[in-house]
Each structure stands twice: as structure tokens, then as C-alpha cells.
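Trainee: Got target-v7.cif for you, mmCIF, C-alpha atoms:
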data_run
loop_
_atom_site.group_PDB
_atom_site.id
_atom_site.type_symbol
_atom_site.label_atom_id
_atom_site.label_comp_id
_atom_site.auth_asym_id
_atom_site.auth_seq_id
_atom_site.Cartn_x
_atom_site.Cartn_y
_atom_site.Cartn_z
ATOM 1 C CA MET O 1 144.103 146.976 55.821
ATOM 2 C CA ASN O 2 141.811 147.655 58.736
ATOM 3 C CA LEU O 3 139.029 145.141 58.931
ATOM 4 C CA PRO O 4 135.996 145.780 61.109
ATOM 5 C CA ALA O 5 135.790 144.262 64.564
ATOM 6 C CA THR O 6 132.974 141.839 65.293
ATOM 7 C CA THR O 7 130.440 144.408 66.315
ATOM 8 C CA SER O 8 127.064 144.409 64.663
ATOM 9 C CA PRO O 9 127.316 146.094 61.271
ATOM 10 C CA PRO O 10 125.130 149.128 60.663
ATOM 11 C CA ALA O 11 121.612 148.261 59.597
ATOM 12 C CA ALA O 12 122.002 150.342 56.462
ATOM 13 C CA LEU O 13 125.034 148.310 55.425
ATOM 14 C CA VAL O 14 123.251 145.029 56.102
ATOM 15 C CA SER O 15 120.280 146.191 54.057
ATOM 16 C CA ALA O 16 122.468 147.374 51.192
ATOM 17 C CA PHE O 17 124.432 144.139 51.117
ATOM 18 C CA GLN O 18 121.358 141.937 51.266
ATOM 19 C CA SER O 19 119.703 143.851 48.469
ATOM 20 C CA LEU O 20 122.788 143.820 46.250
ATOM 21 C CA ALA O 21 123.528 140.166 47.017
ATOM 22 C CA GLU O 22 119.988 139.186 46.052
ATOM 23 C CA GLU O 23 120.281 141.167 42.830
ATOM 24 C CA TRP O 24 123.621 139.557 42.046
ATOM 25 C CA LYS O 25 122.435 136.018 42.718
ATOM 26 C CA ALA O 26 119.248 136.571 40.723
ATOM 27 C CA GLY O 27 121.132 138.172 37.851
ATOM 28 C CA THR O 28 123.705 135.377 37.645
ATOM 29 C CA ALA O 29 121.542 132.424 38.681
ATOM 30 C CA PHE O 30 122.080 130.491 35.454
ATOM 31 C CA LEU O 31 125.604 131.595 34.545
ATOM 32 C CA SER O 32 128.761 129.499 34.540
ATOM 33 C CA SER O 33 131.023 132.422 33.670
ATOM 34 C CA THR O 34 132.843 133.681 36.745
ATOM 35 C CA THR O 35 133.812 136.698 34.650
ATOM 36 C CA ALA O 36 130.139 137.567 34.187
ATOM 37 C CA MET O 37 129.572 137.074 37.918
ATOM 38 C CA ILE O 38 132.423 139.425 38.815
ATOM 39 C CA GLU O 39 131.395 142.054 36.281
ATOM 40 C CA HIS O 40 127.776 142.163 37.434
ATOM 41 C CA PRO O 41 126.984 145.727 38.622
ATOM 42 C CA SER O 42 125.699 144.525 41.984
ATOM 43 C CA TYR O 43 128.905 142.554 42.601
ATOM 44 C CA ARG O 44 130.972 145.625 41.796
ATOM 45 C CA ALA O 45 128.771 147.676 44.118
ATOM 46 C CA ILE O 46 129.378 145.198 46.933
ATOM 47 C CA ILE O 47 133.132 145.465 46.408
ATOM 48 C CA ALA O 48 132.769 149.242 46.575
ATOM 49 C CA LEU O 49 131.273 148.910 50.072
ATOM 50 C CA GLY O 50 134.776 148.043 51.185
ATOM 51 C CA PRO O 51 136.072 146.315 54.338
ATOM 52 C CA PRO O 52 132.916 146.804 56.441
ATOM 53 C CA VAL O 53 131.055 144.384 54.125
ATOM 54 C CA VAL O 54 133.556 141.532 54.573
ATOM 55 C CA PRO O 55 131.823 139.973 57.622
ATOM 56 C CA LEU O 56 128.515 140.023 55.750
ATOM 57 C CA ILE O 57 130.044 138.280 52.743
ATOM 58 C CA LEU O 58 131.591 135.686 55.047
ATOM 59 C CA ARG O 59 128.234 135.089 56.741
ATOM 60 C CA ASP O 60 126.721 134.448 53.326
ATOM 61 C CA LEU O 61 129.539 132.028 52.550
ATOM 62 C CA GLU O 62 128.588 130.068 55.667
ATOM 63 C CA LYS O 63 125.231 129.357 54.016
ATOM 64 C CA GLU O 64 126.488 128.398 50.545
ATOM 65 C CA PRO O 65 129.803 128.535 48.645
ATOM 66 C CA ALA O 66 128.718 131.271 46.242
ATOM 67 C CA TYR O 67 131.443 132.872 44.162
ATOM 68 C CA TRP O 68 132.310 135.692 46.572
ATOM 69 C CA PHE O 69 136.016 134.935 46.347
ATOM 70 C CA ALA O 70 136.968 137.602 43.819
ATOM 71 C CA ALA O 71 135.142 140.219 45.900
ATOM 72 C CA LEU O 72 136.935 139.131 49.059
ATOM 73 C CA ARG O 73 140.302 139.204 47.297
ATOM 74 C CA ALA O 74 139.571 142.656 45.874
ATOM 75 C CA ILE O 75 138.524 144.095 49.246
ATOM 76 C CA THR O 76 141.088 142.419 51.508
ATOM 77 C CA GLY O 77 144.059 142.011 49.199
ATOM 78 C CA GLU O 78 144.409 138.475 50.503
ATOM 79 C CA ASP O 79 143.884 134.995 49.076
ATOM 80 C CA PRO O 80 143.831 132.237 51.702
ATOM 81 C CA ALA O 81 142.700 129.487 49.337
ATOM 82 C CA PRO O 82 145.421 126.918 48.611
ATOM 83 C CA PRO O 83 146.184 126.277 44.916
ATOM 84 C CA GLU O 84 144.958 122.698 45.210
ATOM 85 C CA ALA O 85 141.469 124.025 46.021
ATOM 86 C CA ARG O 86 141.145 125.421 42.505
ATOM 87 C CA GLY O 87 137.651 124.754 41.190
ATOM 88 C CA ASN O 88 136.417 123.451 44.549
ATOM 89 C CA PHE O 89 134.227 126.293 45.767
ATOM 90 C CA ARG O 90 133.418 124.534 49.048
ATOM 91 C CA ALA O 91 137.112 124.245 49.883
ATOM 92 C CA ILE O 92 137.777 127.845 48.878
ATOM 93 C CA ALA O 93 134.811 129.005 50.965
ATOM 94 C CA ASP O 94 136.130 127.010 53.931
ATOM 95 C CA ALA O 95 139.540 128.675 53.546
ATOM 96 C CA TRP O 96 137.921 132.088 53.662
ATOM 97 C CA LEU O 97 135.799 131.146 56.686
ATOM 98 C CA VAL O 98 138.900 129.964 58.559
ATOM 99 C CA TRP O 99 140.607 133.217 57.558
ATOM 100 C CA GLY O 100 137.602 135.226 58.784
ATOM 101 C CA ARG O 101 137.324 133.396 62.120
ATOM 102 C CA SER O 102 141.045 133.863 62.764
ATOM 103 C CA ARG O 103 140.520 137.600 62.451
ATOM 104 C CA GLY O 104 137.417 137.732 64.612
ATOM 105 C CA LEU O 105 135.159 138.546 61.692
ATOM 106 C CA LEU O 106 132.838 135.597 62.289
ATOM 107 C CA GLY O 107 131.455 133.804 65.298
ATOM 108 C CA VAL O 108 133.433 130.740 66.414
ATOM 109 C CA MET U 109 111.559 127.902 27.005
ATOM 110 C CA THR U 110 108.454 126.944 28.939
ATOM 111 C CA ALA U 111 108.150 124.520 31.813
ATOM 112 C CA ALA U 112 106.894 121.907 29.357
ATOM 113 C CA ASP U 113 110.153 122.039 27.409
ATOM 114 C CA TYR U 114 112.501 120.754 30.091
ATOM 115 C CA ARG U 115 112.785 118.470 33.097
ATOM 116 C CA VAL U 116 114.782 119.298 36.220
ATOM 117 C CA THR U 117 117.141 116.468 37.130
ATOM 118 C CA SER U 118 119.121 117.730 40.128
ATOM 119 C CA SER U 119 119.229 120.169 42.992
ATOM 120 C CA ALA U 120 121.005 123.493 42.669
ATOM 121 C CA THR U 121 124.661 123.337 43.637
ATOM 122 C CA TRP U 122 127.851 125.350 43.374
ATOM 123 C CA ASP U 123 129.864 122.094 43.182
ATOM 124 C CA TYR U 124 130.108 122.162 39.385
ATOM 125 C CA ASN U 125 129.068 124.226 36.379
ATOM 126 C CA CYS U 126 127.904 123.546 32.828
ATOM 127 C CA ILE U 127 131.397 123.148 31.394
ATOM 128 C CA ALA U 128 132.351 120.616 34.048
ATOM 129 C CA TRP U 129 129.024 118.799 33.555
ATOM 130 C CA ALA U 130 129.584 118.582 29.798
ATOM 131 C CA ALA U 131 133.067 117.236 30.553
ATOM 132 C CA GLY U 132 131.532 114.552 32.760
ATOM 133 C CA VAL U 133 132.694 116.162 36.020
ATOM 134 C CA THR U 134 130.490 116.873 39.044
ATOM 135 C CA ARG U 135 133.198 118.112 41.394
ATOM 136 C CA GLY U 136 134.794 121.290 40.103
ATOM 137 C CA TRP U 137 133.916 124.635 38.512
ATOM 138 C CA TRP U 138 135.459 124.770 35.039
ATOM 139 C CA TRP U 139 136.199 128.213 33.629
ATOM 140 C CA PRO U 140 139.446 129.706 32.307
ATOM 141 C CA VAL U 141 139.436 132.740 34.607
ATOM 142 C CA PRO U 142 140.089 133.665 37.348
ATOM 143 C CA HIS U 143 142.828 131.405 38.671
ATOM 144 C CA ASP U 144 140.602 129.800 41.316
ATOM 145 C CA CYS U 145 138.554 127.914 38.715
ATOM 146 C CA ASP U 146 139.446 124.561 37.211
ATOM 147 C CA TRP U 147 140.857 124.456 33.685
ATOM 148 C CA PRO U 148 142.984 121.899 31.825
ATOM 149 C CA ALA U 149 146.612 122.643 32.643
ATOM 150 C CA ALA U 150 147.814 122.592 29.041
ATOM 151 C CA VAL U 151 145.122 124.939 27.715
ATOM 152 C CA SER U 152 145.310 128.729 27.581
ATOM 153 C CA ARG U 153 143.227 130.407 30.262
ATOM 154 C CA GLN U 154 141.328 132.635 27.887
ATOM 155 C CA GLU U 155 137.600 133.119 27.381
ATOM 156 C CA THR U 156 137.757 132.292 23.692
ATOM 157 C CA ILE U 157 136.012 129.701 21.596
ATOM 158 C CA ASP U 158 139.395 128.279 20.601
ATOM 159 C CA ALA U 159 140.391 127.821 24.250
ATOM 160 C CA PHE U 160 137.126 126.038 25.063
ATOM 161 C CA LEU U 161 137.506 123.785 22.022
ATOM 162 C CA ALA U 162 141.059 123.034 23.159
ATOM 163 C CA ALA U 163 139.816 122.269 26.664
ATOM 164 C CA PHE U 164 137.342 119.713 25.370
ATOM 165 C CA ALA U 165 139.994 118.385 22.981
ATOM 166 C CA THR U 166 141.992 117.284 26.041
ATOM 167 C CA LEU U 167 139.092 114.898 26.694
ATOM 168 C CA GLY U 168 139.114 113.572 23.144
ATOM 169 C CA TYR U 169 136.342 115.761 21.717
ATOM 170 C CA THR U 170 136.684 117.103 18.168
ATOM 171 C CA PRO U 171 134.248 119.141 16.059
ATOM 172 C CA CYS U 172 131.644 117.086 14.227
ATOM 173 C CA ALA U 173 129.037 117.715 11.580
ATOM 174 C CA GLY U 174 125.863 118.025 13.615
ATOM 175 C CA ALA U 175 123.777 117.433 16.695
ATOM 176 C CA ASP U 176 122.049 114.256 15.565
ATOM 177 C CA ARG U 177 122.618 111.209 17.722
ATOM 178 C CA GLU U 178 125.321 108.938 16.289
ATOM 179 C CA PRO U 179 125.652 105.380 17.583
ATOM 180 C CA GLY U 180 128.904 104.880 19.452
ATOM 181 C CA MET U 181 129.615 108.584 19.834
ATOM 182 C CA GLU U 182 129.324 110.976 22.751
ATOM 183 C CA LYS U 183 128.514 114.580 21.893
ATOM 184 C CA ILE U 184 128.670 117.930 23.613
ATOM 185 C CA ALA U 185 127.609 121.342 22.363
ATOM 186 C CA LEU U 186 129.251 124.697 23.056
ATOM 187 C CA TYR U 187 127.244 127.910 23.174
ATOM 188 C CA ALA U 188 128.533 131.447 22.709
ATOM 189 C CA ARG U 189 127.172 134.946 22.786
ATOM 190 C CA GLU U 190 128.877 137.725 20.841
ATOM 191 C CA GLY U 191 131.833 135.419 20.255
ATOM 192 C CA VAL U 192 132.355 134.594 23.945
ATOM 193 C CA PRO U 193 131.680 131.078 25.283
ATOM 194 C CA THR U 194 128.782 130.926 27.709
ATOM 195 C CA HIS U 195 127.551 127.383 28.120
ATOM 196 C CA ALA U 196 128.028 123.742 27.241
ATOM 197 C CA ALA U 197 125.571 120.841 27.109
ATOM 198 C CA ARG U 198 125.929 117.062 27.050
ATOM 199 C CA GLN U 199 123.936 114.775 24.744
ATOM 200 C CA LEU U 200 121.814 112.083 26.349
ATOM 201 C CA PRO U 201 121.639 108.463 25.193
ATOM 202 C CA GLY U 202 118.207 109.103 23.659
ATOM 203 C CA GLY U 203 119.451 112.089 21.661
ATOM 204 C CA GLY U 204 118.140 114.855 23.913
ATOM 205 C CA TRP U 205 120.449 117.139 25.864
ATOM 206 C CA SER U 206 121.413 117.837 29.472
ATOM 207 C CA SER U 207 122.726 121.082 30.946
ATOM 208 C CA LYS U 208 123.853 122.378 34.319
ATOM 209 C CA LEU U 209 122.566 125.923 34.615
ATOM 210 C CA GLY U 210 125.433 127.699 36.346
ATOM 211 C CA PRO U 211 125.025 127.247 40.117
ATOM 212 C CA ASN U 212 121.440 126.216 39.530
ATOM 213 C CA VAL U 213 119.888 122.859 38.615
ATOM 214 C CA ASP U 214 120.560 120.320 35.869
ATOM 215 C CA ILE U 215 117.884 120.059 33.218
ATOM 216 C CA GLU U 216 117.089 117.754 30.291
ATOM 217 C CA TYR U 217 115.512 119.031 27.062
ATOM 218 C CA ALA U 218 114.959 117.927 23.496
ATOM 219 C CA THR U 219 116.980 120.210 21.217
ATOM 220 C CA LEU U 220 119.951 122.564 21.463
ATOM 221 C CA GLU U 221 117.738 125.427 20.341
ATOM 222 C CA ALA U 222 115.496 124.951 23.396
ATOM 223 C CA ILE U 223 117.961 126.877 25.573
ATOM 224 C CA GLY U 224 119.319 129.076 22.802
ATOM 225 C CA GLY U 225 118.923 132.815 22.815
ATOM 226 C CA GLY U 226 119.004 134.881 25.967
ATOM 227 C CA VAL U 227 122.047 134.713 28.201
ATOM 228 C CA TYR U 228 123.541 131.642 26.535
ATOM 229 C CA GLY U 229 123.469 132.962 22.985
ATOM 230 C CA GLU U 230 123.398 130.183 20.409
ATOM 231 C CA PRO U 231 125.039 126.768 19.961
ATOM 232 C CA ILE U 232 128.171 127.396 17.889
ATOM 233 C CA ALA U 233 129.885 124.008 17.857
ATOM 234 C CA VAL U 234 129.043 120.359 18.387
ATOM 235 C CA LEU U 235 131.903 118.079 19.383
ATOM 236 C CA SER U 236 132.091 114.308 19.508
ATOM 237 C CA ARG U 237 134.295 111.488 20.688
ATOM 238 C CA PRO U 238 133.976 107.728 20.559
ATOM 239 C CA MET U 239 132.016 106.294 23.433
ATOM 240 C CA PRO U 240 134.296 104.302 25.743
ATOM 241 C CA SER U 241 133.708 100.581 25.374
ATOM 242 C CA ALA U 242 133.384 98.164 28.263
ATOM 243 C CA ASP U 243 136.793 96.822 27.349
ATOM 244 C CA SER U 244 138.504 100.243 27.334
ATOM 245 C CA PRO U 245 141.268 100.796 29.863
ATOM 246 C CA GLY U 246 139.949 102.518 32.963
ATOM 247 C CA THR U 247 136.346 101.349 32.499
#
Turn this file's structure into C-alpha cells for me.
Mentor:
Amino acid sequence: MNLPATTSPPAALVSAFQSLAEEWKAGTAFLSSTTAMIEHPSYRAIIALGPPVVPLILRDLEKEPAYWFAALRAITGEDPAPPEARGNFRAIADAWLVWGRSRGLLGV
Amino acid sequence: MTAADYRVTSSATWDYNCIAWAAGVTRGWWWPVPHDCDWPAAVSRQETIDAFLAAFATLGYTPCAGADREPGMEKIALYAREGVPTHAARQLPGGGWSSKLGPNVDIEYATLEAIGGGVYGEPIAVLSRPMPSADSPGT
């Protein structure tokens, strides 16, 4: 899968992601169900943005370990989190950030 | 629920969710699916009431008659909406209840019905187990 190089993403993509991410976080702010998080229309819309949105998701993960992991797996086809990190969203987020930096998708 | 009906008792965090909080855990997101969430190894990873009851059964919780405070017993309550589990709460020593609201804050409130309706649905089961004594192994 071709992932975008670390050039600045288009402003329209940034705007779309920010808007959808805000909608998703607001719509799932009190939910424990990861199923409900994944099935939220805004989450699905972010997945539909495809590989160009991966750096933006990773940048959001740098701020907080929100449950972006299913989206990243769906878009990239990869899963860098070790099994022992199960349930530990900080550790899973860290695994994805290491994965992203190794591919030049995030600043060092 | 109005602001007068609850008290915030923590900061927001993704470190744990309501099911983990009810289970007494503050490091780990408990949910049966997907595979990157915590769930008791011996329990089916299904979003069913039976699976959630089985998960809490691994901690010694069994269904009990009601939500009233019983001396010597710890209680948790499971919520569901349209037959699907949504939330769990932990009873406080004074008889009120405590919940972790997804990735949001913990709150304390007086009755199970205070957070009923809306996204959580209704409380559908109350479970109890004996409170560990000071002499219990591991305490």
C-alpha cells in the first residue's frame, strides 16, 4: 500500500479530518463500546479518506491515545501492536507512532 | 441527569473504561471486541449479556436480588440497550454508585436510574460478591 510522504497534507483533507474527528469524539465521548466507536458514521468516513489521512490520525494519536487503531488497521492493513499491549491504549498508540515514524509519516 | 445529580471524581482518560472500572481495574480497556481490548481469557468475546455476566463471574460476581446496599457485599450493575451491553457501574460504600463514562471522567451519583436512558439504556442486572476481608489471601 502506498502511504503518503511527509509533505503537508492538503488543507481540504486536514479540514475534513478535523471536522470528522471532532464529530466522532463528541458522538462517542461517553461510550465504552469500541464497536460503537468503530461503527460511528464519522469514523467510517475517516476510514474512507484512505491512506492520505494516516499521518493526520497519527498526529492525533500523539496528543491522546484515542481509539484510532481499528481505523489504522483498516486503512493500512497492518497491526504493529504486540499482543501483550491488549487493552493498553497508550502502548498500542506508541506502537503505531513508532510504526509511523519508521515510515516517515511523522516528525522525529 | 442534571449537574446536581452527580459529582465528577476524576479526569478524563483513555486508560480504562466503565467495564474495567466496575471490575476494579484502572489500567486496561475491557470490551470483548476487537482483539486489542482486554477481556477475560476464558470468556467468549461476544457483545452479549451472557458474555458480560460471565466476565464478571470470573471475578466472583453473581446475580443478586437488587441494588440496595448489603453489608459485606460488593455490587456492580450492568446496563444494556436493545439487548446489547453498554455500561457497568460500581456501588460505593455509602450505597451510591460510581461510573467511568467511556474515555471521559468518573462520576458518582445516587441511583442506577440516574444514568439510565439515553446511550446506556437501562440497568438490566445487579451482581454481587462478598467483600474481601482483611484476612483474605492477597489483601
Trainee: Taking all atoms listed in the file into account, name the residue in U:Ala196, U:Met181, U:Ala175, U:Ala222 that is nearest to Trp139 of chain U.
Mentor: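 Checking each candidate against Trp139 of chain U, we get U:Ala196 as the closest.
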Trainee: Could you tell me which residues the PyMOL selection byres ((chain O) within 12 of (chain U)) grabs in this file, written as a ChimeraX atom specification?
Mentor: /O:25-38,61,63-71,73,79-93
Trainee: Leaving out Val14 of chain O and any residue of its chain fewer than 5 positions from it, which residues lie within 12 Å of it when counting all atoms listed in the file, given as a list in words?
Mentor: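 With the cut-off at 12 Å, the set is Ser8, Pro9, Ser19, Leu20, Ala21, Ile46, Leu49, Pro52, Val53, Val54, Pro55, Leu56, Ile57, Arg59 and Asp60 of chain O.
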Trainee: Go ahead and fit an axis-aligned box to every listed atom of segment 222-228 of chain U plus 6 Å each side, and pass me the centre and edge lengths in Å, one decimal, as JSON.
Mentor:
{"center_x": 119.5, "center_y": 129.9, "center_z": 25.5, "size_x": 20.0, "size_y": 21.9, "size_z": 17.4}
Trainee: Suppose you want the space between atom CA of Tyr114 of chain U and atom CA of Gly202 of chain U; what is it in Å?
Mentor: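 Answer for the atom CA of Tyr114 of chain U to atom CA of Gly202 of chain U separation: 14.5 Å.
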Trainee: I'd like the interatomic distance between atom CA of Ala12 of chain O and atom CA of Leu72 of chain O, to a tenth of an Å.
Mentor: 20.1 Å
Trainee: Please compute the atom CA of Ala16 of chain O-atom CA of Ile75 of chain O distance, one decimal, in Å.
Mentor: 16.5 Å
Trainee: Pull out every residue that the PyMOL selection byres ((chain U and resi 234) around 7) matches in the shown coordinates and put them as a PDB file with C-alpha atoms, in the coordinates of the input.
Mentor:
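Dumped everything to result_33.pdb:
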ATOM      1  CA  PRO U 171     134.248 119.141  16.059  1.00  0.00           C
ATOM      2  CA  CYS U 172     131.644 117.086  14.227  1.00  0.00           C
ATOM      3  CA  GLY U 174     125.863 118.025  13.615  1.00  0.00           C
ATOM      4  CA  ALA U 175     123.777 117.433  16.695  1.00  0.00           C
ATOM      5  CA  LYS U 183     128.514 114.580  21.893  1.00  0.00           C
ATOM      6  CA  ILE U 184     128.670 117.930  23.613  1.00  0.00           C
ATOM      7  CA  ALA U 185     127.609 121.342  22.363  1.00  0.00           C
ATOM      8  CA  LEU U 186     129.251 124.697  23.056  1.00  0.00           C
ATOM      9  CA  ALA U 233     129.885 124.008  17.857  1.00  0.00           C
ATOM     10  CA  LEU U 235     131.903 118.079  19.383  1.00  0.00           C
ATOM     11  CA  SER U 236     132.091 114.308  19.508  1.00  0.00           C
TER      12      SER U 236
END
Trainee: Smallest atom-to-atom distance to Met239 of chain U: which of U:Ser207, U:Gln199, U:Gln154, U:Ser118, using only C-alpha atoms?
Mentor: U:Gln199
Trainee: Would you kindly translate the PyMOL selection byres ((chain U and resi 215) around 6) into the concrete residues it picks from this file, as a PDB file with C-alpha atoms, keeping the file's coordinate frame?
Mentor:
ATOM      1  CA  ARG U 115     112.785 118.470  33.097  1.00  0.00           C
ATOM      2  CA  VAL U 116     114.782 119.298  36.220  1.00  0.00           C
ATOM      3  CA  THR U 117     117.141 116.468  37.130  1.00  0.00           C
ATOM      4  CA  SER U 206     121.413 117.837  29.472  1.00  0.00           C
ATOM      5  CA  SER U 207     122.726 121.082  30.946  1.00  0.00           C
ATOM      6  CA  ASP U 214     120.560 120.320  35.869  1.00  0.00           C
ATOM      7  CA  GLU U 216     117.089 117.754  30.291  1.00  0.00           C
TER       8      GLU U 216
END
